[in-house]
>>> print(open('upload.cif').read())   # mmCIF, C-alpha atoms (C1' of nucleotides)
data_entry
loop_
_atom_site.label_atom_id
_atom_site.label_comp_id
_atom_site.auth_asym_id
_atom_site.auth_seq_id
_atom_site.Cartn_x
_atom_site.Cartn_y
_atom_site.Cartn_z
CA MET A 1 -51.59 -0.36 22.00
CA GLU A 2 -53.51 0.96 24.94
CA THR A 3 -55.12 -2.09 26.52
CA LEU A 4 -57.67 -2.16 29.30
CA ASP A 5 -55.08 -3.60 31.67
CA SER A 6 -52.73 -0.67 31.19
CA VAL A 7 -55.23 1.75 32.73
CA PRO A 8 -55.16 2.11 36.52
CA ASP A 9 -58.39 1.64 38.51
CA GLU A 10 -58.48 5.30 39.52
CA ASP A 11 -58.44 6.59 35.93
CA PHE A 12 -60.83 3.87 34.98
CA LEU A 13 -63.41 5.17 37.36
CA ARG A 14 -63.22 8.48 35.55
CA LEU A 15 -63.22 6.99 32.05
CA ASP A 16 -66.20 4.93 33.05
CA HIS A 17 -67.96 8.02 34.26
CA GLN A 18 -67.54 9.43 30.79
CA ILE A 19 -68.65 6.50 28.65
CA CYS A 20 -71.66 5.45 30.68
CA PHE A 21 -72.74 9.01 31.08
CA SER A 22 -72.27 9.81 27.40
CA LEU A 23 -74.60 7.06 26.32
CA HIS A 24 -77.09 8.06 28.97
CA ALA A 25 -76.93 11.70 27.90
CA ALA A 26 -77.20 10.93 24.18
CA THR A 27 -80.26 8.79 24.76
CA ARG A 28 -81.95 11.49 26.81
CA ALA A 29 -81.04 14.12 24.23
CA PHE A 30 -82.60 11.93 21.54
CA ASN A 31 -85.68 11.43 23.65
CA GLY A 32 -86.01 15.17 24.08
CA VAL A 33 -85.90 15.79 20.34
CA TYR A 34 -88.37 12.99 19.64
CA ARG A 35 -90.66 14.25 22.37
CA GLU A 36 -90.85 17.57 20.58
CA ALA A 37 -91.27 16.07 17.11
CA LEU A 38 -93.92 13.59 18.24
CA LYS A 39 -95.94 16.13 20.18
CA GLU A 40 -98.17 16.83 17.18
CA LEU A 41 -98.87 13.10 16.81
CA GLY A 42 -99.76 12.71 20.48
CA LEU A 43 -97.24 9.86 20.84
CA THR A 44 -94.43 9.25 23.27
CA TYR A 45 -91.18 7.86 21.94
CA PRO A 46 -91.84 4.24 23.06
CA GLN A 47 -95.37 4.47 21.67
CA TYR A 48 -93.85 5.64 18.38
CA LEU A 49 -91.56 2.59 18.36
CA VAL A 50 -94.60 0.34 18.73
CA MET A 51 -96.39 2.17 15.93
CA LEU A 52 -93.34 1.78 13.67
CA VAL A 53 -93.46 -1.97 14.20
CA LEU A 54 -97.20 -2.08 13.54
CA TRP A 55 -96.92 0.06 10.41
CA GLU A 56 -94.63 -2.65 9.06
CA HIS A 57 -96.74 -5.63 10.13
CA ARG A 58 -100.29 -4.29 10.50
CA GLU A 59 -101.05 -6.77 13.29
CA LEU A 60 -98.91 -8.66 15.80
CA PRO A 61 -99.33 -10.47 19.11
CA VAL A 62 -98.03 -8.62 22.17
CA LYS A 63 -95.23 -11.15 22.30
CA GLY A 64 -94.21 -10.33 18.72
CA ILE A 65 -94.00 -6.64 19.50
CA GLY A 66 -92.01 -7.43 22.63
CA GLU A 67 -89.51 -9.52 20.69
CA ARG A 68 -88.93 -6.82 18.12
CA LEU A 69 -88.53 -4.02 20.66
CA ARG A 70 -87.06 -6.15 23.43
CA LEU A 71 -89.77 -5.08 25.86
CA ASP A 72 -91.78 -7.30 28.19
CA SER A 73 -95.50 -7.34 28.93
CA GLY A 74 -94.98 -5.29 32.07
CA THR A 75 -93.96 -2.39 29.85
CA LEU A 76 -96.17 -3.15 26.85
CA SER A 77 -99.51 -3.90 28.49
CA PRO A 78 -100.13 -0.41 29.89
CA LEU A 79 -98.53 1.23 26.84
CA LEU A 80 -100.84 -0.68 24.48
CA LYS A 81 -103.84 0.22 26.61
CA ARG A 82 -102.96 3.87 26.14
CA LEU A 83 -102.60 3.39 22.37
CA GLU A 84 -105.97 1.67 22.40
CA ALA A 85 -107.52 4.51 24.41
CA ALA A 86 -106.09 6.94 21.84
CA GLY A 87 -107.87 4.92 19.13
CA TYR A 88 -104.75 3.84 17.24
CA VAL A 89 -104.88 0.09 17.93
CA GLU A 90 -107.34 -2.65 18.83
CA ARG A 91 -106.54 -5.59 21.10
CA ARG A 92 -108.41 -8.87 21.07
CA ARG A 93 -107.59 -12.35 22.29
CA SER A 94 -106.57 -14.72 19.56
CA PRO A 95 -109.20 -17.39 18.78
CA GLN A 96 -106.43 -19.90 17.96
CA ASP A 97 -104.62 -19.38 21.25
CA GLU A 98 -106.58 -17.74 24.02
CA ARG A 99 -103.38 -16.87 25.87
CA SER A 100 -102.30 -14.53 23.08
CA VAL A 101 -103.59 -11.01 22.43
CA THR A 102 -103.45 -9.69 18.88
CA VAL A 103 -102.74 -5.99 18.47
CA ARG A 104 -104.05 -4.51 15.23
CA LEU A 105 -103.94 -1.03 13.72
CA THR A 106 -107.24 0.84 13.48
CA GLY A 107 -108.03 3.18 10.61
CA ASP A 108 -106.79 6.10 12.67
CA GLY A 109 -103.62 4.19 13.52
CA THR A 110 -102.97 3.43 9.86
CA ALA A 111 -103.68 7.02 8.89
CA LEU A 112 -101.28 8.33 11.51
CA ARG A 113 -98.42 6.91 9.46
CA GLU A 114 -98.85 9.67 6.88
CA LYS A 115 -98.41 12.32 9.56
CA ALA A 116 -95.35 10.47 10.89
CA LEU A 117 -93.56 10.25 7.54
CA GLY A 118 -91.78 13.57 7.99
CA VAL A 119 -90.60 12.91 11.54
CA PRO A 120 -87.52 10.74 10.98
CA ARG A 121 -86.10 13.08 8.37
CA ARG A 122 -86.32 15.98 10.78
CA ILE A 123 -84.67 13.93 13.51
CA ALA A 124 -81.88 12.83 11.19
CA ALA A 125 -81.33 16.43 10.16
CA ALA A 126 -81.12 17.40 13.85
CA THR A 127 -78.29 14.91 14.40
CA GLY A 128 -76.18 16.66 11.77
CA LEU A 129 -75.06 13.24 10.49
CA ASP A 130 -75.37 11.93 6.94
CA VAL A 131 -76.82 8.54 6.07
CA GLY A 132 -73.46 6.75 6.18
CA GLU A 133 -72.56 8.11 9.60
CA ILE A 134 -75.97 7.21 10.96
CA ARG A 135 -75.61 3.70 9.63
CA GLU A 136 -72.15 3.32 11.10
CA LEU A 137 -73.22 4.55 14.51
CA ARG A 138 -76.20 2.24 14.40
CA GLU A 139 -74.00 -0.74 13.58
CA ARG A 140 -71.65 0.06 16.46
CA LEU A 141 -74.52 0.39 18.88
CA ASP A 142 -76.14 -2.84 17.68
CA ALA A 143 -72.87 -4.73 18.07
CA LEU A 144 -72.46 -3.25 21.53
CA ALA A 145 -75.98 -4.21 22.56
CA VAL A 146 -75.50 -7.76 21.32
CA ARG A 147 -72.32 -8.12 23.33
CA LEU A 148 -73.84 -6.59 26.46
CA ASP A 149 -76.98 -8.72 26.22
CA ALA A 150 -74.79 -11.82 25.97
CA VAL A 151 -72.86 -11.08 29.15
CA ASP A 152 -73.07 -13.82 31.73
CA PRO A 153 -74.50 -12.21 34.89
CA ASP A 154 -72.25 -14.33 37.11
CA ALA A 155 -69.15 -13.02 35.35
CA LEU A 156 -69.93 -9.52 36.58
CA GLY A 157 -70.15 -10.36 40.26
CA ALA A 158 -66.64 -11.74 40.51
CA CYS A 159 -63.80 -9.76 38.98
CA GLY A 160 -63.62 -11.02 35.41
CA MET B 1 -72.28 10.79 -1.64
CA GLU B 2 -75.50 9.49 -0.11
CA THR B 3 -77.24 12.56 1.23
CA LEU B 4 -80.32 12.72 3.41
CA ASP B 5 -82.32 14.13 0.52
CA SER B 6 -81.61 11.15 -1.71
CA VAL B 7 -83.48 8.78 0.63
CA PRO B 8 -87.25 8.47 0.12
CA ASP B 9 -89.61 9.01 3.05
CA GLU B 10 -90.67 5.36 3.08
CA ASP B 11 -87.13 4.03 3.48
CA PHE B 12 -86.43 6.77 5.93
CA LEU B 13 -89.14 5.54 8.22
CA ARG B 14 -87.38 2.20 8.28
CA LEU B 15 -83.89 3.65 8.69
CA ASP B 16 -85.22 5.76 11.51
CA HIS B 17 -86.64 2.69 13.13
CA GLN B 18 -83.16 1.27 13.15
CA ILE B 19 -81.14 4.19 14.50
CA CYS B 20 -83.53 5.33 17.21
CA PHE B 21 -84.12 1.78 18.31
CA SER B 22 -80.41 0.94 18.31
CA LEU B 23 -79.60 3.73 20.73
CA HIS B 24 -82.55 2.79 22.87
CA ALA B 25 -81.53 -0.86 22.90
CA ALA B 26 -77.86 -0.14 23.61
CA THR B 27 -78.77 2.05 26.55
CA ARG B 28 -81.05 -0.59 27.99
CA ALA B 29 -78.44 -3.28 27.45
CA PHE B 30 -75.91 -1.10 29.30
CA ASN B 31 -78.38 -0.53 32.09
CA GLY B 32 -78.90 -4.25 32.40
CA VAL B 33 -75.19 -4.93 32.76
CA TYR B 34 -74.76 -2.12 35.27
CA ARG B 35 -77.76 -3.30 37.22
CA GLU B 36 -76.06 -6.64 37.66
CA ALA B 37 -72.65 -5.20 38.49
CA LEU B 38 -74.08 -2.66 40.95
CA LYS B 39 -76.29 -5.17 42.74
CA GLU B 40 -73.61 -5.89 45.33
CA LEU B 41 -73.26 -2.15 46.03
CA GLY B 42 -77.00 -1.68 46.46
CA LEU B 43 -77.00 1.12 43.89
CA THR B 44 -79.06 1.73 40.78
CA TYR B 45 -77.32 3.08 37.72
CA PRO B 46 -78.45 6.72 38.19
CA GLN B 47 -77.52 6.53 41.87
CA TYR B 48 -74.09 5.28 40.78
CA LEU B 49 -73.73 8.30 38.48
CA VAL B 50 -74.44 10.60 41.43
CA MET B 51 -71.90 8.74 43.57
CA LEU B 52 -69.27 9.06 40.82
CA VAL B 53 -69.76 12.81 40.83
CA LEU B 54 -69.56 12.96 44.62
CA TRP B 55 -66.44 10.77 44.74
CA GLU B 56 -64.80 13.43 42.61
CA HIS B 57 -66.07 16.45 44.55
CA ARG B 58 -66.90 15.14 48.04
CA GLU B 59 -69.71 17.69 48.42
CA LEU B 60 -71.91 19.60 45.98
CA PRO B 61 -75.22 21.46 45.97
CA VAL B 62 -78.11 19.63 44.31
CA LYS B 63 -77.87 22.13 41.51
CA GLY B 64 -74.20 21.25 40.95
CA ILE B 65 -75.00 17.56 40.67
CA GLY B 66 -77.85 18.39 38.31
CA GLU B 67 -75.59 20.42 36.03
CA ARG B 68 -73.01 17.67 35.80
CA LEU B 69 -75.54 14.90 35.12
CA ARG B 70 -78.08 17.07 33.29
CA LEU B 71 -80.83 16.07 35.71
CA ASP B 72 -83.37 18.33 37.39
CA SER B 73 -84.53 18.43 40.99
CA GLY B 74 -87.62 16.42 40.10
CA THR B 75 -85.33 13.46 39.41
CA LEU B 76 -82.62 14.20 41.95
CA SER B 77 -84.65 15.01 45.05
CA PRO B 78 -86.16 11.56 45.53
CA LEU B 79 -82.97 9.86 44.34
CA LEU B 80 -80.88 11.76 46.90
CA LYS B 81 -83.39 10.93 49.62
CA ARG B 82 -82.86 7.27 48.85
CA LEU B 83 -79.08 7.67 48.95
CA GLU B 84 -79.49 9.44 52.29
CA ALA B 85 -81.73 6.66 53.60
CA ALA B 86 -79.03 4.18 52.50
CA GLY B 87 -76.52 6.15 54.58
CA TYR B 88 -74.25 7.18 51.72
CA VAL B 89 -74.88 10.94 51.73
CA GLU B 90 -76.05 13.73 54.02
CA ARG B 91 -78.15 16.69 52.93
CA ARG B 92 -78.27 19.99 54.77
CA ARG B 93 -79.33 23.48 53.75
CA SER B 94 -76.45 25.78 53.04
CA PRO B 95 -75.94 28.46 55.73
CA GLN B 96 -74.78 30.93 53.06
CA ASP B 97 -77.84 30.42 50.87
CA GLU B 98 -80.84 28.86 52.51
CA ARG B 99 -82.31 27.97 49.12
CA SER B 100 -79.45 25.60 48.40
CA VAL B 101 -79.02 22.09 49.79
CA THR B 102 -75.49 20.72 50.09
CA VAL B 103 -75.07 17.00 49.48
CA ARG B 104 -72.04 15.48 51.18
CA LEU B 105 -70.58 11.98 51.30
CA THR B 106 -70.79 10.15 54.61
CA GLY B 107 -68.07 7.79 55.80
CA ASP B 108 -70.01 4.88 54.33
CA GLY B 109 -70.42 6.77 51.06
CA THR B 110 -66.71 7.46 50.86
CA ALA B 111 -65.89 3.86 51.73
CA LEU B 112 -68.22 2.57 49.02
CA ARG B 113 -65.80 3.93 46.44
CA GLU B 114 -63.34 1.12 47.20
CA LYS B 115 -65.99 -1.48 46.47
CA ALA B 116 -66.90 0.35 43.24
CA LEU B 117 -63.35 0.50 41.86
CA GLY B 118 -63.64 -2.84 40.09
CA VAL B 119 -67.00 -2.14 38.47
CA PRO B 120 -66.03 0.01 35.46
CA ARG B 121 -63.30 -2.39 34.40
CA ARG B 122 -65.77 -5.27 34.36
CA ILE B 123 -68.24 -3.17 32.36
CA ALA B 124 -65.58 -2.16 29.87
CA ALA B 125 -64.55 -5.78 29.48
CA ALA B 126 -68.19 -6.70 28.84
CA THR B 127 -68.35 -4.25 25.93
CA GLY B 128 -65.50 -6.06 24.20
CA LEU B 129 -64.04 -2.70 23.20
CA ASP B 130 -60.54 -1.42 23.92
CA VAL B 131 -59.80 1.97 25.44
CA GLY B 132 -59.47 3.71 22.09
CA GLU B 133 -62.76 2.39 20.77
CA ILE B 134 -64.53 3.35 23.97
CA ARG B 135 -63.12 6.84 23.75
CA GLU B 136 -64.13 7.20 20.12
CA LEU B 137 -67.66 6.04 20.77
CA ARG B 138 -67.90 8.39 23.71
CA GLU B 139 -66.77 11.33 21.58
CA ARG B 140 -69.33 10.54 18.92
CA LEU B 141 -72.11 10.28 21.45
CA ASP B 142 -71.06 13.51 23.16
CA ALA B 143 -71.02 15.37 19.85
CA LEU B 144 -74.42 13.92 19.03
CA ALA B 145 -75.87 14.95 22.41
CA VAL B 146 -74.51 18.48 22.02
CA ARG B 147 -76.12 18.81 18.61
CA LEU B 148 -79.43 17.36 19.74
CA ASP B 149 -79.55 19.53 22.86
CA ALA B 150 -78.97 22.58 20.68
CA VAL B 151 -81.92 21.86 18.38
CA ASP B 152 -84.48 24.62 18.24
CA PRO B 153 -87.81 23.05 19.28
CA ASP B 154 -89.68 25.19 16.73
CA ALA B 155 -87.58 23.81 13.90
CA LEU B 156 -88.97 20.33 14.57
CA GLY B 157 -92.62 21.23 14.33
CA ALA B 158 -92.43 22.58 10.83
CA CYS B 159 -90.63 20.54 8.19
CA GLY B 160 -87.03 21.76 8.42
"C1'" DC C 1 -85.12 50.33 51.37
"C1'" DG C 2 -89.06 47.90 48.98
"C1'" DC C 3 -90.84 44.95 45.79
"C1'" DG C 4 -91.05 42.28 41.59
"C1'" DA C 5 -88.07 38.87 39.18
"C1'" DT C 6 -85.26 35.09 39.59
"C1'" DT C 7 -83.34 30.96 41.65
"C1'" DA C 8 -83.17 26.50 44.41
"C1'" DA C 9 -85.32 22.57 45.94
"C1'" DG C 10 -89.17 19.99 46.42
"C1'" DT C 11 -93.92 18.02 45.01
"C1'" DT C 12 -97.27 16.03 41.90
"C1'" DG C 13 -98.66 13.57 38.01
"C1'" DT C 14 -97.65 10.85 33.74
"C1'" DG C 15 -95.18 7.48 31.42
"C1'" DC C 16 -91.44 3.97 30.73
"C1'" DA C 17 -88.32 -0.12 32.39
"C1'" DC C 18 -88.00 -4.07 34.82
"C1'" DA C 19 -88.41 -7.65 38.52
"C1'" DA C 20 -91.51 -10.65 40.65
"C1'" DC C 21 -95.66 -12.49 40.67
"C1'" DT C 22 -100.64 -14.20 39.20
"C1'" DG C 23 -103.95 -16.59 36.44
"C1'" DA C 24 -105.43 -18.71 32.47
"C1'" DA C 25 -104.45 -21.55 28.43
"C1'" DT C 26 -101.72 -24.72 26.00
"C1'" DA C 27 -98.03 -28.19 25.26
"C1'" DG C 28 -95.73 -32.21 26.43
"C1'" DT C 29 -94.85 -36.46 28.88
"C1'" DG C 30 -95.88 -40.70 30.97
"C1'" DC D 1 -106.08 -39.28 29.22
"C1'" DA D 2 -104.16 -36.91 33.30
"C1'" DC D 3 -100.93 -34.01 35.15
"C1'" DT D 4 -96.99 -31.22 35.20
"C1'" DA D 5 -94.40 -27.67 32.83
"C1'" DT D 6 -94.39 -23.90 30.00
"C1'" DT D 7 -96.21 -19.84 27.77
"C1'" DC D 8 -98.68 -15.49 27.43
"C1'" DA D 9 -100.65 -11.42 29.15
"C1'" DG D 10 -101.50 -8.76 32.88
"C1'" DT D 11 -100.67 -6.71 37.72
"C1'" DT D 12 -97.95 -4.79 41.41
"C1'" DG D 13 -94.21 -2.33 43.22
"C1'" DT D 14 -89.83 0.30 42.73
"C1'" DG D 15 -87.20 3.63 40.53
"C1'" DC D 16 -86.00 7.05 36.85
"C1'" DA D 17 -87.20 11.15 33.52
"C1'" DC D 18 -89.53 15.12 32.87
"C1'" DA D 19 -93.20 18.77 32.78
"C1'" DA D 20 -95.68 21.83 35.55
"C1'" DC D 21 -96.22 23.71 39.66
"C1'" DT D 22 -95.27 25.38 44.74
"C1'" DT D 23 -92.62 27.48 48.33
"C1'" DA D 24 -89.02 29.93 50.24
"C1'" DA D 25 -84.90 32.64 49.77
"C1'" DT D 26 -82.17 35.83 47.31
"C1'" DC D 27 -81.20 39.29 43.82
"C1'" DG D 28 -81.52 43.59 41.67
"C1'" DC D 29 -83.60 47.65 40.04
"C1'" DG D 30 -85.74 51.91 40.99
#
>>> encode(input="upload.cif", output="structure tokens")
Amino acid sequence: METLDSVPDEDFLRLDHQICFSLHAATRAFNGVYREALKELGLTYPQYLVMLVLWEHRELPVKGIGERLRLDSGTLSPLLKRLEAAGYVERRRSPQDERSVTVRLTGDGTALREKALGVPRRIAAATGLDVGEIRELRERLDALAVRLDAVDPDALGACG
Amino acid sequence: METLDSVPDEDFLRLDHQICFSLHAATRAFNGVYREALKELGLTYPQYLVMLVLWEHRELPVKGIGERLRLDSGTLSPLLKRLEAAGYVERRRSPQDERSVTVRLTGDGTALREKALGVPRRIAAATGLDVGEIRELRERLDALAVRLDAVDPDALGACG
DNA sequence: CGCGATTAAGTTGTGCACAACTGAATAGTG
DNA sequence: CACTATTCAGTTGTGCACAACTTAATCGCG
């Protein structure tokens, strides 16, 4: 079997170039396709992710959205302000806990879901993959993300 | 076989949530690990990609770097200025074609390669994948990117 | 040769990601 | 109950991605 140790550093630098770049490129290609498909909804791709979460839960605190999308308030606060300015969500401080801000769909935000229903099918068609392949790729990527998120930062500084 | 057409719109919105988010999350997880590993080199991940290309070619026009990384001058110009400020590259207009700017490694930039040699191995180890799995994932992502880049923008507006 | 079309790099403006920080509210401990 | 620690949202600053545009150089056709 071809183990990591059997590959010399020099080749590894090239292999690395390929894998890191491939993921980078695939993500940007996906973003480009979504950008086009979401143009008619007036949403960016991250805004669409937030709307997907809200369409499932109707209302959530900022923290809840952040947990589901793995985004912090530094990213979400301005994004949610833009969604509010577009009239798709409302934000108000929770009466129970004044630290928390509850984000809730407006009528327009709820209605937007109907217009968004056709988007994912068109994206999936653009990938040229069937449902099983999509699911398999998703599972691989999820497993990868879990492993990468679990990496001890200190283990990367020294040669592991 | 489970075709795209056999999945209702409602489920599709959820499936979509999973695949688009998974890629997004995996990319950000990768970025996080690279950020940590590249901290000692003083490089960001996109700057590292540019350095990888230059370590292979020593010098290239901005356009050449852009073609290899699929990035435009709007992204590269400021990035290359930062690499120049860090002392890793030099930029000078080409005498043959005054429109073109040639980016060349400095001594420091060339030397940095030695410090970078250990990085990809540590990243690969963090993924928990062996060489074959990495290669397979890369091939899938490349094929996906090619298909997504080839999508006709007009086909996404209307329901394809 | 002359002049419009194209090409290269850079600039500007918008939006996302993330680190580091602030300020306000709540939780927990003695 | 008082006081510290934590939590939540927001702000600031840096950097990347990309669209739209500008400027300067080159190309190519008549």
>>> residues_around(input="upload.cif", residues="DA5 of chain D", least_positions_apart="4", cutoff="10 Å", atoms="only C-alpha atoms (C1' of nucleotides)", output="JSON, numbers by chain")
{"C": [27, 28, 29]}
>>> interface_residues(input="upload.cif", of="chain A", to="chain D", cutoff="9 Å", atoms="only C-alpha atoms (C1' of nucleotides)", output="PyMOL selection string")
chain A and resi 28+62-63+73-74+77-78+98-101
>>> write_last_selection(input="upload.cif", atoms="C-alpha atoms", output="compact mmCIF listing (two decimals), keeping the file's coordinate frame")
# COMPACT_ATOMS: atom_id res chain seq x y z
CA ARG A 28 -81.95 11.49 26.81
CA VAL A 62 -98.03 -8.62 22.17
CA LYS A 63 -95.23 -11.15 22.30
CA SER A 73 -95.50 -7.34 28.93
CA GLY A 74 -94.98 -5.29 32.07
CA SER A 77 -99.51 -3.90 28.49
CA PRO A 78 -100.13 -0.41 29.89
CA GLU A 98 -106.58 -17.74 24.02
CA ARG A 99 -103.38 -16.87 25.87
CA SER A 100 -102.30 -14.53 23.08
CA VAL A 101 -103.59 -11.01 22.43
>>> resolve_selection(input="upload.cif", expression="the PyMOL selection byres ((chain A) within 9 of (chain C))", output="mmCIF file with C-alpha atoms, in the coordinates of the input")
data_model
loop_
_atom_site.group_PDB
_atom_site.id
_atom_site.type_symbol
_atom_site.label_atom_id
_atom_site.label_comp_id
_atom_site.auth_asym_id
_atom_site.auth_seq_id
_atom_site.Cartn_x
_atom_site.Cartn_y
_atom_site.Cartn_z
ATOM 1 C CA THR A 44 -94.430 9.250 23.270
ATOM 2 C CA PRO A 46 -91.840 4.240 23.060
ATOM 3 C CA LEU A 71 -89.770 -5.080 25.860
ATOM 4 C CA ASP A 72 -91.780 -7.300 28.190
ATOM 5 C CA GLY A 74 -94.980 -5.290 32.070
ATOM 6 C CA THR A 75 -93.960 -2.390 29.850
ATOM 7 C CA LEU A 79 -98.530 1.230 26.840
ATOM 8 C CA ASP A 97 -104.620 -19.380 21.250
ATOM 9 C CA GLU A 98 -106.580 -17.740 24.020
ATOM 10 C CA ARG A 99 -103.380 -16.870 25.870
#
>>> axis_aligned_box(input="upload.cif", around="segment 142-153 of chain B", padding_each_side="3 Å", output="AutoDock Vina command-line options")
--center_x -79.4 --center_y 19.1 --center_z 20.7 --size_x 22.8 --size_y 17.1 --size_z 10.9
>>> resolve_selection(input="upload.cif", expression="the PyMOL selection byres ((chain A) within 7 of (chain B))", output="tab-separated table (two decimals) with C-alpha atoms, in the frame of the given file")
chain	number	residue	atom	x	y	z
A	2	GLU	CA	-53.51	0.96	24.94
A	3	THR	CA	-55.12	-2.09	26.52
A	4	LEU	CA	-57.67	-2.16	29.30
A	9	ASP	CA	-58.39	1.64	38.51
A	12	PHE	CA	-60.83	3.87	34.98
A	13	LEU	CA	-63.41	5.17	37.36
A	16	ASP	CA	-66.20	4.93	33.05
A	17	HIS	CA	-67.96	8.02	34.26
A	19	ILE	CA	-68.65	6.50	28.65
A	22	SER	CA	-72.27	9.81	27.40
A	23	LEU	CA	-74.60	7.06	26.32
A	24	HIS	CA	-77.09	8.06	28.97
A	25	ALA	CA	-76.93	11.70	27.90
A	26	ALA	CA	-77.20	10.93	24.18
A	27	THR	CA	-80.26	8.79	24.76
A	29	ALA	CA	-81.04	14.12	24.23
A	30	PHE	CA	-82.60	11.93	21.54
A	33	VAL	CA	-85.90	15.79	20.34
A	36	GLU	CA	-90.85	17.57	20.58
A	37	ALA	CA	-91.27	16.07	17.11
A	52	LEU	CA	-93.34	1.78	13.67
A	117	LEU	CA	-93.56	10.25	7.54
A	120	PRO	CA	-87.52	10.74	10.98
A	121	ARG	CA	-86.10	13.08	8.37
A	122	ARG	CA	-86.32	15.98	10.78
A	126	ALA	CA	-81.12	17.40	13.85
A	127	THR	CA	-78.29	14.91	14.40
A	130	ASP	CA	-75.37	11.93	6.94
A	131	VAL	CA	-76.82	8.54	6.07
A	134	ILE	CA	-75.97	7.21	10.96
A	138	ARG	CA	-76.20	2.24	14.40
A	141	LEU	CA	-74.52	0.39	18.88
A	142	ASP	CA	-76.14	-2.84	17.68
A	144	LEU	CA	-72.46	-3.25	21.53
A	145	ALA	CA	-75.98	-4.21	22.56
A	147	ARG	CA	-72.32	-8.12	23.33
A	148	LEU	CA	-73.84	-6.59	26.46
A	149	ASP	CA	-76.98	-8.72	26.22
A	151	VAL	CA	-72.86	-11.08	29.15
A	153	PRO	CA	-74.50	-12.21	34.89
A	156	LEU	CA	-69.93	-9.52	36.58
A	157	GLY	CA	-70.15	-10.36	40.26
A	159	CYS	CA	-63.80	-9.76	38.98
A	160	GLY	CA	-63.62	-11.02	35.41
>>> atom_distance(input="upload.cif", atom1="atom CA of Lys81 of chain B", atom2="atom CA of Gln47 of chain B")
10.7 Å
>>> resolve_selection(input="upload.cif", expression="the PyMOL selection byres ((chain B and resi 88) around 6)", output="list in words")
Leu83, Glu84, Ala86, Gly87, Val89, Thr106, Asp108 and Gly109 of chain B
>>> write_last_selection(input="upload.cif", atoms="C-alpha atoms", output="PDB file, in the coordinates of the input")
ATOM      1  CA  LEU B  83     -79.080   7.670  48.950  1.00  0.00           C
ATOM      2  CA  GLU B  84     -79.490   9.440  52.290  1.00  0.00           C
ATOM      3  CA  ALA B  86     -79.030   4.180  52.500  1.00  0.00           C
ATOM      4  CA  GLY B  87     -76.520   6.150  54.580  1.00  0.00           C
ATOM      5  CA  VAL B  89     -74.880  10.940  51.730  1.00  0.00           C
ATOM      6  CA  THR B 106     -70.790  10.150  54.610  1.00  0.00           C
ATOM      7  CA  ASP B 108     -70.010   4.880  54.330  1.00  0.00           C
ATOM      8  CA  GLY B 109     -70.420   6.770  51.060  1.00  0.00           C
TER       9      GLY B 109
END
>>> residues_around(input="upload.cif", residues="Leu76 of chain A", least_positions_apart="6", cutoff="9 Å", atoms="only C-alpha atoms (C1' of nucleotides)", output="PyMOL selection string")
chain A and resi 50+62+65-66
>>> atom_distance(input="upload.cif", atom1="atom CA of Arg82 of chain A", atom2="atom CA of Glu59 of chain A")
16.8 Å
>>> atom_distance(input="upload.cif", atom1="atom CA of Arg92 of chain B", atom2="atom CA of Arg104 of chain B")
8.5 Å
